[in-house]
>>> print(open('work_24.txt').read())   # compact mmCIF, C-alpha atoms
# COMPACT_ATOMS: atom_id res chain seq x y z
CA MET A 1 -2.57 12.91 11.67
CA THR A 2 -6.22 13.16 12.68
CA PRO A 3 -8.99 12.42 10.17
CA SER A 4 -10.35 15.95 10.63
CA LEU A 5 -7.29 17.27 8.82
CA PHE A 6 -8.12 15.17 5.77
CA HIS A 7 -11.25 17.23 5.13
CA ARG A 8 -9.39 20.54 5.27
CA LEU A 9 -7.51 19.69 2.12
CA ARG A 10 -8.82 21.30 -1.05
CA VAL A 11 -7.55 20.93 -4.58
CA LEU A 12 -7.68 23.52 -7.36
CA SER A 13 -6.72 22.95 -10.95
CA PHE A 14 -5.02 25.82 -12.68
CA LEU A 15 -3.16 26.93 -15.77
CA GLY A 16 -3.85 24.09 -18.19
CA LEU A 17 -4.32 20.96 -16.12
CA ALA A 18 -2.96 17.92 -17.95
CA LEU A 19 -2.23 19.75 -21.19
CA LEU A 20 -1.82 17.59 -24.27
CA LEU A 21 1.33 18.34 -26.21
CA SER A 22 0.55 20.33 -29.32
CA ASN A 23 3.67 19.41 -31.31
CA PRO A 24 3.40 15.81 -32.57
CA ALA A 25 7.11 15.77 -33.40
CA LYS A 26 7.98 15.89 -29.70
CA ALA A 27 7.29 12.84 -27.58
CA ASP A 28 5.35 13.06 -24.33
CA VAL A 29 7.14 11.95 -21.15
CA ARG A 30 5.34 8.71 -20.39
CA ILE A 31 6.03 5.26 -18.90
CA ASP A 32 4.11 2.15 -19.92
CA ILE A 33 4.42 0.23 -16.66
CA THR A 34 2.61 -2.80 -18.09
CA ARG A 35 5.65 -3.64 -20.25
CA GLY A 36 7.77 -4.84 -17.36
CA VAL A 37 11.26 -3.53 -16.69
CA VAL A 38 11.72 0.07 -17.79
CA GLU A 39 14.57 2.55 -17.61
CA PRO A 40 13.78 5.05 -14.82
CA ILE A 41 12.89 8.54 -16.05
CA PRO A 42 15.30 11.21 -14.74
CA LEU A 43 13.41 13.91 -12.82
CA ALA A 44 14.61 17.25 -11.47
CA ILE A 45 12.80 18.28 -8.28
CA PRO A 46 14.24 21.48 -6.81
CA ALA A 47 13.15 22.63 -3.36
CA PHE A 48 9.71 24.21 -3.53
CA PHE A 49 9.96 28.01 -3.59
CA GLY A 50 9.14 30.01 -0.46
CA LYS A 51 9.74 33.57 0.73
CA THR A 52 9.75 33.30 4.53
CA PRO A 53 12.05 30.97 6.50
CA ALA A 54 9.06 28.78 7.42
CA GLU A 55 7.96 28.55 3.78
CA VAL A 56 11.49 27.74 2.64
CA GLU A 57 11.82 24.98 5.24
CA ALA A 58 8.45 23.48 4.28
CA GLY A 59 9.35 23.69 0.59
CA GLU A 60 12.63 21.85 1.09
CA LYS A 61 10.98 19.06 3.10
CA MET A 62 8.11 18.64 0.65
CA ALA A 63 10.39 18.37 -2.38
CA GLU A 64 12.43 15.74 -0.54
CA VAL A 65 9.33 13.63 0.23
CA VAL A 66 8.08 13.87 -3.36
CA ALA A 67 11.49 12.80 -4.67
CA LYS A 68 11.75 9.85 -2.28
CA ASP A 69 8.23 8.64 -3.11
CA LEU A 70 8.86 8.65 -6.84
CA THR A 71 12.33 7.11 -6.54
CA ARG A 72 11.01 4.23 -4.41
CA SER A 73 8.55 3.35 -7.17
CA GLY A 74 11.52 2.30 -9.31
CA LEU A 75 10.09 4.16 -12.30
CA PHE A 76 11.93 7.42 -11.68
CA SER A 77 15.42 8.58 -10.75
CA THR A 78 15.80 12.00 -9.17
CA LEU A 79 18.81 14.16 -9.94
CA ASP A 80 21.14 15.47 -7.24
CA PRO A 81 20.04 19.05 -6.36
CA LYS A 82 23.72 20.03 -6.15
CA SER A 83 23.92 19.61 -9.93
CA PHE A 84 21.16 22.13 -10.65
CA VAL A 85 22.31 25.11 -12.69
CA ALA A 86 19.17 27.22 -12.35
CA GLN A 87 17.71 28.49 -9.12
CA THR A 88 14.17 27.48 -8.19
CA PRO A 89 12.07 29.66 -10.48
CA SER A 90 8.76 31.30 -9.71
CA LEU A 91 5.74 29.28 -10.76
CA MET A 92 4.56 32.10 -12.98
CA VAL A 93 7.75 32.09 -15.09
CA GLN A 94 8.48 29.41 -17.67
CA PRO A 95 11.70 27.52 -16.82
CA ARG A 96 14.86 27.86 -18.88
CA PHE A 97 14.60 24.35 -20.32
CA ALA A 98 18.17 24.38 -21.66
CA ASP A 99 19.43 24.51 -18.05
CA TRP A 100 17.65 21.23 -17.36
CA ARG A 101 18.32 19.49 -20.67
CA VAL A 102 22.04 19.75 -20.04
CA LEU A 103 21.45 17.59 -16.94
CA ASN A 104 19.42 15.10 -19.02
CA ALA A 105 16.32 15.77 -16.90
CA GLN A 106 13.32 14.58 -18.90
CA ALA A 107 10.81 16.17 -16.53
CA LEU A 108 10.95 19.05 -14.07
CA VAL A 109 8.82 19.55 -10.97
CA VAL A 110 8.56 23.15 -9.77
CA GLY A 111 6.72 23.95 -6.55
CA LYS A 112 5.81 26.90 -4.38
CA VAL A 113 4.74 27.16 -0.72
CA GLU A 114 2.88 30.23 0.53
CA ALA A 115 1.36 30.90 3.97
CA GLN A 116 -2.21 32.22 3.87
CA SER A 117 -3.79 34.82 6.15
CA ASP A 118 -6.08 32.16 7.66
CA GLY A 119 -3.10 30.07 8.78
CA ARG A 120 -3.24 27.50 6.00
CA LEU A 121 -0.53 26.71 3.47
CA LYS A 122 -1.08 27.03 -0.26
CA VAL A 123 1.08 24.52 -2.12
CA GLU A 124 1.36 24.76 -5.91
CA PHE A 125 3.33 22.65 -8.33
CA ARG A 126 3.84 22.25 -12.04
CA LEU A 127 5.19 19.26 -13.94
CA TRP A 128 7.10 20.22 -17.10
CA ASP A 129 8.22 18.10 -20.04
CA VAL A 130 11.75 19.43 -20.45
CA PHE A 131 12.41 18.33 -24.06
CA ALA A 132 8.93 19.19 -25.37
CA GLU A 133 8.99 22.44 -23.32
CA GLN A 134 5.39 21.93 -22.31
CA GLN A 135 3.52 21.85 -19.01
CA MET A 136 2.06 18.41 -18.33
CA THR A 137 -0.02 19.22 -15.26
CA GLY A 138 -0.38 21.85 -12.56
CA LEU A 139 -2.30 21.79 -9.28
CA ALA A 140 -2.72 23.79 -6.09
CA TYR A 141 -3.57 22.51 -2.61
CA PHE A 142 -4.67 24.25 0.59
CA SER A 143 -4.02 22.58 3.94
CA VAL A 144 -2.99 23.19 7.53
CA PRO A 145 0.82 23.39 7.96
CA SER A 146 0.97 20.17 9.99
CA ASN A 147 -0.43 18.32 6.97
CA TRP A 148 2.55 19.16 4.75
CA ARG A 149 3.79 15.58 4.46
CA ARG A 150 0.44 14.32 3.22
CA VAL A 151 0.28 17.10 0.62
CA ALA A 152 3.72 16.00 -0.61
CA HIS A 153 2.42 12.43 -1.04
CA ILE A 154 -0.58 13.77 -3.00
CA VAL A 155 1.77 15.75 -5.27
CA ALA A 156 3.81 12.58 -5.88
CA ASP A 157 0.59 10.70 -6.72
CA ALA A 158 -0.39 13.37 -9.26
CA ILE A 159 3.03 13.19 -10.96
CA TYR A 160 2.96 9.39 -10.99
CA LYS A 161 -0.51 9.34 -12.58
CA ARG A 162 0.29 11.95 -15.21
CA ILE A 163 3.38 10.10 -16.43
CA THR A 164 2.24 6.47 -16.03
CA GLY A 165 -1.50 6.79 -16.60
CA GLU A 166 -2.05 4.74 -13.41
CA ASP A 167 -3.27 5.93 -10.02
CA GLY A 168 -0.54 6.55 -7.47
CA TYR A 169 -0.28 4.90 -4.05
CA PHE A 170 1.80 7.30 -1.96
CA ASP A 171 -1.07 8.90 -0.01
CA THR A 172 -1.75 5.70 1.91
CA ARG A 173 -1.04 4.05 5.24
CA ILE A 174 0.13 0.64 6.41
CA VAL A 175 -1.14 -1.24 9.45
CA TYR A 176 1.18 -4.00 10.67
CA ILE A 177 2.38 -6.00 13.67
CA ALA A 178 5.25 -4.36 15.57
CA GLU A 179 7.41 -7.09 17.15
CA THR A 180 9.84 -6.70 20.05
CA GLY A 181 11.56 -8.93 22.62
CA PRO A 182 13.45 -12.23 22.43
CA SER A 183 12.40 -14.88 19.91
CA THR A 184 11.07 -17.09 22.72
CA ASN A 185 8.80 -14.36 24.10
CA ARG A 186 7.84 -11.91 21.35
CA MET A 187 5.56 -8.96 22.07
CA LYS A 188 3.29 -8.30 19.07
CA ARG A 189 1.41 -5.01 18.98
CA LEU A 190 -0.82 -3.30 16.43
CA ALA A 191 0.89 -0.36 14.70
CA ILE A 192 0.15 2.06 11.86
CA MET A 193 2.33 4.31 9.67
CA ASP A 194 2.44 6.13 6.34
CA GLN A 195 3.47 3.96 3.39
CA ASP A 196 7.01 5.38 3.54
CA GLY A 197 7.49 4.41 7.20
CA GLU A 198 6.85 7.88 8.65
CA ASN A 199 4.28 8.91 11.30
CA ASN A 200 4.63 5.55 13.03
CA ARG A 201 2.19 4.96 15.87
CA VAL A 202 1.53 1.92 18.10
CA LEU A 203 -2.19 1.25 18.62
CA SER A 204 -2.26 -1.57 21.19
CA ASP A 205 -0.67 -1.87 24.63
CA GLY A 206 0.99 -5.26 24.21
CA ARG A 207 -1.06 -7.10 26.84
CA ALA A 208 -2.34 -9.40 24.08
CA ILE A 209 -0.68 -10.94 21.04
CA VAL A 210 -2.14 -9.30 17.93
CA LEU A 211 -2.16 -10.88 14.45
CA THR A 212 -3.40 -10.33 10.85
CA PRO A 213 -4.69 -6.74 10.87
CA ARG A 214 -6.74 -5.60 7.84
CA PHE A 215 -8.22 -2.22 6.85
CA SER A 216 -11.87 -1.60 6.17
CA PRO A 217 -12.65 -0.05 2.74
CA THR A 218 -13.51 3.25 4.46
CA MET A 219 -10.21 3.38 6.40
CA GLN A 220 -12.07 4.00 9.68
CA LYS A 221 -11.67 0.53 11.14
CA ILE A 222 -9.18 -2.31 11.36
CA THR A 223 -10.11 -5.93 11.94
CA TYR A 224 -7.58 -8.27 13.52
CA MET A 225 -7.15 -11.34 15.70
CA ALA A 226 -5.88 -11.06 19.27
CA TYR A 227 -5.09 -13.58 22.00
CA TYR A 228 -6.51 -12.44 25.36
CA ASN A 229 -6.03 -14.96 28.19
CA ASN A 230 -4.94 -17.52 25.58
CA ARG A 231 -8.28 -17.18 23.80
CA PRO A 232 -8.26 -15.98 20.19
CA ARG A 233 -10.93 -13.47 19.21
CA VAL A 234 -11.65 -11.27 16.22
CA TYR A 235 -11.72 -7.57 17.04
CA LEU A 236 -12.63 -4.30 15.39
CA PHE A 237 -10.51 -1.22 16.10
CA ASN A 238 -11.82 2.27 15.29
CA ILE A 239 -8.88 4.41 14.15
CA ASP A 240 -10.78 7.67 14.76
CA THR A 241 -11.78 6.96 18.36
CA GLY A 242 -9.40 4.21 19.46
CA ALA A 243 -12.39 2.09 20.51
CA GLN A 244 -11.92 -1.67 20.39
CA THR A 245 -14.85 -4.10 20.19
CA VAL A 246 -15.15 -7.87 19.94
CA LEU A 247 -16.57 -8.91 16.60
CA GLY A 248 -17.94 -12.17 17.97
CA ASP A 249 -17.53 -14.49 20.91
CA PHE A 250 -17.14 -17.92 19.36
CA ASP A 251 -16.68 -21.28 21.03
CA HIS A 252 -13.81 -22.19 18.68
CA MET A 253 -10.67 -20.51 17.36
CA THR A 254 -11.13 -17.84 14.69
CA PHE A 255 -8.56 -16.87 12.09
CA ALA A 256 -7.67 -14.38 9.34
CA PRO A 257 -10.52 -11.83 9.46
CA ARG A 258 -10.92 -9.54 6.47
CA PHE A 259 -13.53 -6.97 5.39
CA ALA A 260 -15.83 -7.46 2.42
CA PRO A 261 -15.40 -4.78 -0.29
CA ASP A 262 -18.55 -2.92 0.84
CA GLY A 263 -17.33 -2.83 4.45
CA ASN A 264 -20.64 -4.20 5.76
CA SER A 265 -19.40 -7.68 6.67
CA VAL A 266 -16.26 -9.56 7.68
CA ILE A 267 -15.10 -12.91 6.34
CA PHE A 268 -13.02 -15.29 8.47
CA SER A 269 -12.39 -18.95 9.25
CA LEU A 270 -13.57 -20.82 12.33
CA SER A 271 -12.08 -24.07 13.64
CA GLU A 272 -14.40 -27.01 14.21
CA GLY A 273 -13.07 -30.26 15.63
CA GLY A 274 -9.81 -30.46 13.69
CA ALA A 275 -11.20 -28.74 10.59
CA SER A 276 -11.89 -25.10 9.80
CA ASN A 277 -14.51 -23.51 7.59
CA ILE A 278 -15.17 -20.06 6.20
CA TYR A 279 -17.89 -17.77 7.50
CA THR A 280 -19.13 -14.24 7.00
CA MET A 281 -20.64 -11.98 9.66
CA ASP A 282 -22.88 -9.00 8.98
CA LEU A 283 -21.48 -6.14 11.05
CA LYS A 284 -24.91 -4.58 11.66
CA THR A 285 -26.96 -7.67 12.56
CA HIS A 286 -24.08 -9.99 13.61
CA ARG A 287 -25.79 -12.66 11.52
CA ILE A 288 -23.32 -15.46 10.66
CA ARG A 289 -23.33 -17.40 7.41
CA LYS A 290 -21.32 -20.55 6.76
CA LEU A 291 -19.82 -20.70 3.25
CA THR A 292 -17.78 -23.92 3.25
CA ARG A 293 -18.78 -27.30 4.68
CA SER A 294 -15.69 -29.45 4.71
CA THR A 295 -13.62 -31.66 6.99
CA ALA A 296 -10.48 -29.95 5.69
CA ILE A 297 -8.62 -26.80 6.75
CA ASN A 298 -10.17 -23.84 4.89
CA SER A 299 -8.68 -20.48 5.79
CA ALA A 300 -7.31 -17.07 4.67
CA PRO A 301 -10.40 -15.98 2.68
CA CYS A 302 -10.33 -12.81 0.58
CA PHE A 303 -13.06 -11.25 -1.56
CA ALA A 304 -12.58 -10.16 -5.16
CA PRO A 305 -12.90 -6.36 -5.44
CA ASP A 306 -16.42 -6.66 -6.89
CA GLY A 307 -17.49 -8.88 -3.99
CA GLU A 308 -18.75 -11.65 -6.27
CA ARG A 309 -16.03 -14.26 -5.65
CA ILE A 310 -13.79 -15.37 -2.80
CA THR A 311 -10.31 -16.89 -2.87
CA PHE A 312 -9.02 -18.98 0.03
CA GLU A 313 -6.50 -21.66 0.95
CA SER A 314 -7.50 -25.28 1.66
CA ASP A 315 -5.93 -28.72 2.07
CA ARG A 316 -9.09 -30.51 0.92
CA GLY A 317 -7.17 -32.03 -1.99
CA GLY A 318 -4.37 -33.41 0.19
CA SER A 319 -2.03 -30.40 0.15
CA GLN A 320 -2.40 -26.70 0.85
CA GLN A 321 -3.63 -25.02 -2.34
CA ILE A 322 -5.56 -21.95 -3.50
CA TYR A 323 -9.25 -22.17 -4.36
CA VAL A 324 -11.88 -19.78 -5.68
CA MET A 325 -15.64 -19.90 -5.03
CA ASN A 326 -18.68 -17.72 -5.51
CA LYS A 327 -19.68 -15.37 -2.70
CA ASP A 328 -22.40 -17.80 -1.56
CA GLY A 329 -19.94 -20.71 -1.30
CA SER A 330 -20.92 -22.38 -4.58
CA ASN A 331 -18.66 -23.40 -7.49
CA VAL A 332 -15.57 -24.18 -5.40
CA HIS A 333 -12.62 -24.94 -7.67
CA ARG A 334 -8.84 -25.18 -7.30
CA VAL A 335 -6.67 -22.65 -9.18
CA SER A 336 -3.08 -23.43 -8.03
CA PHE A 337 -1.39 -26.39 -9.72
CA GLY A 338 2.35 -25.70 -9.48
CA ASN A 339 4.82 -27.58 -7.31
CA GLY A 340 4.65 -26.89 -3.58
CA ASN A 341 2.08 -25.58 -1.11
CA TYR A 342 0.18 -22.34 -1.66
CA GLY A 343 -1.40 -20.01 0.91
CA THR A 344 -2.43 -16.48 1.96
CA PRO A 345 -4.17 -15.58 -1.34
CA VAL A 346 -5.04 -11.89 -1.74
CA TRP A 347 -7.07 -10.53 -4.64
CA SER A 348 -5.67 -7.48 -6.41
CA PRO A 349 -7.72 -4.25 -6.15
CA ARG A 350 -7.80 -4.31 -9.96
CA GLY A 351 -9.29 -7.79 -9.97
CA ASP A 352 -6.76 -9.11 -12.49
CA LEU A 353 -4.39 -11.04 -10.19
CA ILE A 354 -4.20 -13.02 -6.96
CA ALA A 355 -1.04 -12.69 -4.86
CA PHE A 356 0.05 -15.67 -2.76
CA THR A 357 2.73 -17.27 -0.61
CA LYS A 358 4.30 -20.49 -1.92
CA MET A 359 6.44 -23.03 -0.07
CA HIS A 360 8.57 -25.38 -2.15
CA GLY A 361 12.01 -26.96 -1.84
CA GLY A 362 12.71 -25.48 1.57
CA LYS A 363 12.11 -21.91 0.38
CA PHE A 364 9.30 -19.38 0.44
CA TYR A 365 8.07 -17.40 -2.54
CA ILE A 366 5.76 -14.42 -3.03
CA GLY A 367 4.04 -14.68 -6.38
CA VAL A 368 1.02 -13.72 -8.46
CA MET A 369 -1.35 -15.57 -10.77
CA ARG A 370 -4.51 -14.78 -12.69
CA PRO A 371 -7.79 -15.68 -10.93
CA ASP A 372 -8.07 -18.82 -13.09
CA GLY A 373 -4.57 -19.94 -12.02
CA SER A 374 -2.82 -19.11 -15.28
CA GLY A 375 0.23 -16.88 -15.67
CA GLU A 376 1.86 -17.79 -12.36
CA ARG A 377 5.01 -15.75 -11.61
CA GLN A 378 7.30 -15.71 -8.58
CA LEU A 379 8.45 -12.21 -7.56
CA VAL A 380 10.30 -12.95 -4.31
CA GLU A 381 12.39 -15.92 -3.14
CA ALA A 382 13.52 -16.06 0.50
CA TRP A 383 14.31 -18.21 3.52
CA HIS A 384 10.96 -17.05 4.89
CA ALA A 385 8.53 -14.57 3.27
CA GLU A 386 4.79 -14.24 3.84
CA GLY A 387 1.81 -11.93 4.08
CA PRO A 388 1.48 -10.20 0.68
CA THR A 389 -0.75 -7.11 0.59
CA TRP A 390 -1.59 -4.92 -2.42
CA ALA A 391 -1.12 -1.20 -2.94
CA PRO A 392 -4.48 0.33 -3.94
CA ASN A 393 -3.38 0.68 -7.58
CA GLY A 394 -2.65 -3.06 -7.85
CA ARG A 395 0.93 -2.50 -9.09
CA VAL A 396 2.98 -2.96 -5.90
CA LEU A 397 3.03 -5.58 -3.15
CA MET A 398 4.21 -5.34 0.45
CA TYR A 399 5.09 -8.36 2.62
CA PHE A 400 7.40 -9.39 5.44
CA LYS A 401 10.62 -11.33 5.10
CA GLU A 402 12.98 -12.96 7.59
CA LYS A 403 16.57 -14.12 7.53
CA PRO A 404 18.04 -16.70 9.95
CA SER A 405 20.35 -15.36 12.67
CA ARG A 406 21.97 -16.54 15.89
CA ASP A 407 19.41 -14.84 18.11
CA GLY A 408 16.39 -15.85 16.01
CA SER A 409 14.99 -14.50 12.78
CA ARG A 410 13.91 -10.87 12.61
CA PRO A 411 11.00 -10.00 10.29
CA LYS A 412 11.14 -6.79 8.24
CA LEU A 413 8.72 -5.23 5.77
CA TYR A 414 9.52 -5.03 2.06
CA SER A 415 7.79 -3.85 -1.10
CA ILE A 416 8.19 -4.99 -4.70
CA ASP A 417 6.49 -4.04 -7.95
CA LEU A 418 5.00 -6.50 -10.41
CA THR A 419 8.19 -6.58 -12.49
CA GLY A 420 9.97 -8.23 -9.55
CA TYR A 421 12.99 -5.95 -9.97
CA ASN A 422 12.38 -3.24 -7.39
CA GLU A 423 12.46 -4.78 -3.91
CA ARG A 424 12.89 -2.23 -1.12
CA GLU A 425 12.88 -2.48 2.67
CA ILE A 426 10.28 -0.33 4.43
CA PRO A 427 11.80 1.24 7.58
CA THR A 428 10.08 0.52 10.92
CA PRO A 429 11.25 1.29 14.48
CA THR A 430 10.97 -2.39 15.47
CA ASP A 431 10.74 -5.75 13.74
CA ALA A 432 7.56 -5.92 11.68
CA SER A 433 5.22 -8.49 10.12
CA ASP A 434 1.71 -8.97 8.69
CA PRO A 435 1.40 -5.67 6.77
CA ALA A 436 -1.90 -4.48 5.28
CA TRP A 437 -2.09 -1.61 2.79
CA SER A 438 -4.87 0.95 3.11
CA PRO A 439 -6.97 2.37 0.28
CA LEU A 440 -6.06 5.88 -0.85
CA LEU A 441 -6.84 8.32 1.96
CA PRO A 442 -10.11 10.26 1.52
>>> encode(input="work_24.txt", output="structure tokens")
Amino acid sequence: MTPSLFHRLRVLSFLGLALLLSNPAKADVRIDITRGVVEPIPLAIPAFFGKTPAEVEAGEKMAEVVAKDLTRSGLFSTLDPKSFVAQTPSLMVQPRFADWRVLNAQALVVGKVEAQSDGRLKVEFRLWDVFAEQQMTGLAYFSVPSNWRRVAHIVADAIYKRITGEDGYFDTRIVYIAETGPSTNRMKRLAIMDQDGENNRVLSDGRAIVLTPRFSPTMQKITYMAYYNNRPRVYLFNIDTGAQTVLGDFDHMTFAPRFAPDGNSVIFSLSEGGASNIYTMDLKTHRIRKLTRSTAINSAPCFAPDGERITFESDRGGSQQIYVMNKDGSNVHRVSFGNGNYGTPVWSPRGDLIAFTKMHGGKFYIGVMRPDGSGERQLVEAWHAEGPTWAPNGRVLMYFKEKPSRDGSRPKLYSIDLTGYNEREIPTPTDASDPAWSPLLP
């Protein structure tokens, strides 16, 4: 999907956007996702209505994508279309709510696809509260036909936000490392896909080992580390043009590059005679600034979303732990104090949590803690699990996990929400590691 298509998408509100229910005796369909484990809300999502064969086909595919997005969140269950009593109604006619109540559907999504004279598709949907018999939201979108999958993700985001009160995360992409070949000679290439595993595309040719890709805040660029001729370098990759440039040519090994929240600089670690310290580089001037001055290993830096603080891993206290410091390198203090070694800290887009990898007792854990180190919780326990990355709404994590096997371990991508009860594998054509979640697409 080219970026030019993104700007052809237009949104219109219509017919009582986000109506508040007028009858206080009837409860609104709503999930409080901050409470932890919840019972999934049953949704009915019939195929979106269309008149022509092309419209019907597009409507069926879009309804399927919307249903899969919402089901994967763990907050919704979608009813089997074979159980539907009513046919897909026209958007302009109020549904027969009794036909859906008998199926115990608490909410109903009704959509319509219509080809326009200029070649675009008009996609409309309404979200209905079945028991209150009220419309909760309704939107229309115009886009080129090839963009149908992205429109479906945007519809799912709108439904998610209306019911949960939180921003959705379905209209996003994942950059990751695609791995192939035997365990003794793995080929690691840069790859990108939609958050549901679709539209998978390999970005590098495999002549160099690629590691730790990260999105810029604007989605236009990816920073990553690559080994060319056994020399590690930090690179920038422009998704729009495919152009690759070297961020800097350093005398020592560089690790774990990541963009600052404003996208104007990159933070990374640089080895120096058995130690490593954290630096930033201004992308316009290439001016380098050293933030830590230590004889220890300081690595995996990540900015807070407001850019004022940085979390990183360090063994300066004798074991690998998580630290936080100000953006200028001052006020360095340790925040992890549990048993085991801690690494790969990543600040939540909401600013309320830091995700991390923990190694203890021969096992790996993916967990979260508050920025001051309190409230530590483990969400994932595995033989090997690493590389947490946040969805843009700060409610879901993605990471890679491996299991031992006779021919070597095979990494796969997984996601889990903050309750820790909704782990799901993300399909990829090859083995996969080091995922990074994009912001919401513009």
>>> closest_residue(input="work_24.txt", among="A:Ala86, A:Val151, A:Met225, A:Ile426", to="A:Val113", atoms="all atoms listed in the file")
A:Val151
>>> atom_distance(input="work_24.txt", atom1="atom CA of A:Arg189", atom2="atom CA of A:Glu423")
25.4 Å
>>> residues_around(input="work_24.txt", residues="stretch 60-75 of chain A", least_positions_apart="4", cutoff="7 Å", atoms="only C-alpha atoms", output="ChimeraX atom specification")
/A:40-41,45-48,56,148-149,152-153,155-156,170,422
>>> write_last_selection(input="work_24.txt", atoms="C-alpha atoms", output="compact mmCIF listing (two decimals), keeping the file's coordinate frame")
# COMPACT_ATOMS: atom_id res chain seq x y z
CA PRO A 40 13.78 5.05 -14.82
CA ILE A 41 12.89 8.54 -16.05
CA ILE A 45 12.80 18.28 -8.28
CA PRO A 46 14.24 21.48 -6.81
CA ALA A 47 13.15 22.63 -3.36
CA PHE A 48 9.71 24.21 -3.53
CA VAL A 56 11.49 27.74 2.64
CA TRP A 148 2.55 19.16 4.75
CA ARG A 149 3.79 15.58 4.46
CA ALA A 152 3.72 16.00 -0.61
CA HIS A 153 2.42 12.43 -1.04
CA VAL A 155 1.77 15.75 -5.27
CA ALA A 156 3.81 12.58 -5.88
CA PHE A 170 1.80 7.30 -1.96
CA ASN A 422 12.38 -3.24 -7.39
>>> atom_distance(input="work_24.txt", atom1="atom CA of A:Leu441", atom2="atom CA of A:Thr223")
17.7 Å
>>> atom_distance(input="work_24.txt", atom1="atom CA of A:Ile416", atom2="atom CA of A:Ser314")
26.4 Å
>>> closest_residue(input="work_24.txt", among="A:Ser348, A:Ser77, A:Asn185, A:Thr285", to="A:Ala44", atoms="only C-alpha atoms")
A:Ser77
>>> residues_around(input="work_24.txt", residues="A:Arg173", least_positions_apart="3", cutoff="10 Å", atoms="only C-alpha atoms", output="list in words")
Tyr169, Phe170, Tyr176, Ile192, Met193, Asp194, Gln195, Asp196, Gly197, Glu198, Asn199, Asn200, Phe215, Met219, Ala391, Ala436, Trp437, Ser438, Pro439, Leu440 and Leu441 of chain A
>>> axis_aligned_box(input="work_24.txt", around="stretch 426-442 of chain A", padding_each_side="8 Å", output="lines of an AutoDock Vina configuration file")
center_x = 0.8
center_y = 0.6
center_z = 7.3
size_x = 37.9
size_y = 35.2
size_z = 32.3
>>> closest_residue(input="work_24.txt", among="A:Arg334, A:Arg120, A:Arg126, A:His384", to="A:Leu108", atoms="all atoms listed in the file")
A:Arg126
>>> closest_residue(input="work_24.txt", among="A:Arg231, A:Lys401, A:Arg410, A:Arg258", to="A:Arg186", atoms="only C-alpha atoms")
A:Arg410
>>> residues_near_point(input="work_24.txt", point="(-12.4, -14.2, -5.2)", cutoff="9 Å", atoms="all atoms listed in the file", output="JSON, numbers by chain")
{"A": [301, 302, 303, 304, 305, 306, 307, 308, 309, 310, 311, 312, 323, 324, 325, 326, 327, 346, 347, 351, 354, 371]}
>>> write_last_selection(input="work_24.txt", atoms="C-alpha atoms", output="short mmCIF file (atom, residue, chain, number, x, y, z; two decimals), in the coordinates of the input")
data_model
loop_
_atom_site.label_atom_id
_atom_site.label_comp_id
_atom_site.auth_asym_id
_atom_site.auth_seq_id
_atom_site.Cartn_x
_atom_site.Cartn_y
_atom_site.Cartn_z
CA PRO A 301 -10.40 -15.98 2.68
CA CYS A 302 -10.33 -12.81 0.58
CA PHE A 303 -13.06 -11.25 -1.56
CA ALA A 304 -12.58 -10.16 -5.16
CA PRO A 305 -12.90 -6.36 -5.44
CA ASP A 306 -16.42 -6.66 -6.89
CA GLY A 307 -17.49 -8.88 -3.99
CA GLU A 308 -18.75 -11.65 -6.27
CA ARG A 309 -16.03 -14.26 -5.65
CA ILE A 310 -13.79 -15.37 -2.80
CA THR A 311 -10.31 -16.89 -2.87
CA PHE A 312 -9.02 -18.98 0.03
CA TYR A 323 -9.25 -22.17 -4.36
CA VAL A 324 -11.88 -19.78 -5.68
CA MET A 325 -15.64 -19.90 -5.03
CA ASN A 326 -18.68 -17.72 -5.51
CA LYS A 327 -19.68 -15.37 -2.70
CA VAL A 346 -5.04 -11.89 -1.74
CA TRP A 347 -7.07 -10.53 -4.64
CA GLY A 351 -9.29 -7.79 -9.97
CA ILE A 354 -4.20 -13.02 -6.96
CA PRO A 371 -7.79 -15.68 -10.93
#
>>> residues_around(input="work_24.txt", residues="stretch 356-366 of chain A", least_positions_apart="5", cutoff="8 Å", atoms="only C-alpha atoms", output="compact mmCIF listing (two decimals) with C-alpha atoms, keeping the file's coordinate frame")
# COMPACT_ATOMS: atom_id res chain seq x y z
CA ASN A 339 4.82 -27.58 -7.31
CA GLY A 340 4.65 -26.89 -3.58
CA ASN A 341 2.08 -25.58 -1.11
CA TYR A 342 0.18 -22.34 -1.66
CA GLY A 343 -1.40 -20.01 0.91
CA THR A 344 -2.43 -16.48 1.96
CA PRO A 345 -4.17 -15.58 -1.34
CA VAL A 346 -5.04 -11.89 -1.74
CA GLN A 378 7.30 -15.71 -8.58
CA LEU A 379 8.45 -12.21 -7.56
CA VAL A 380 10.30 -12.95 -4.31
CA GLU A 381 12.39 -15.92 -3.14
CA ALA A 382 13.52 -16.06 0.50
CA TRP A 383 14.31 -18.21 3.52
CA HIS A 384 10.96 -17.05 4.89
CA ALA A 385 8.53 -14.57 3.27
CA GLU A 386 4.79 -14.24 3.84
CA GLY A 387 1.81 -11.93 4.08
CA PRO A 388 1.48 -10.20 0.68
>>> closest_residue(input="work_24.txt", among="A:Thr137, A:Asn104, A:Thr218, A:Thr389", to="A:Tyr414", atoms="all atoms listed in the file")
A:Thr389
>>> residues_around(input="work_24.txt", residues="A:Tyr227", least_positions_apart="6", cutoff="8 Å", atoms="all atoms listed in the file", output="ChimeraX atom specification")
/A:208-210,233
>>> write_last_selection(input="work_24.txt", atoms="C-alpha atoms", output="mmCIF file, in the coordinates of the input")
data_model
loop_
_atom_site.group_PDB
_atom_site.id
_atom_site.type_symbol
_atom_site.label_atom_id
_atom_site.label_comp_id
_atom_site.auth_asym_id
_atom_site.auth_seq_id
_atom_site.Cartn_x
_atom_site.Cartn_y
_atom_site.Cartn_z
ATOM 1 C CA ALA A 208 -2.340 -9.400 24.080
ATOM 2 C CA ILE A 209 -0.680 -10.940 21.040
ATOM 3 C CA VAL A 210 -2.140 -9.300 17.930
ATOM 4 C CA ARG A 233 -10.930 -13.470 19.210
#
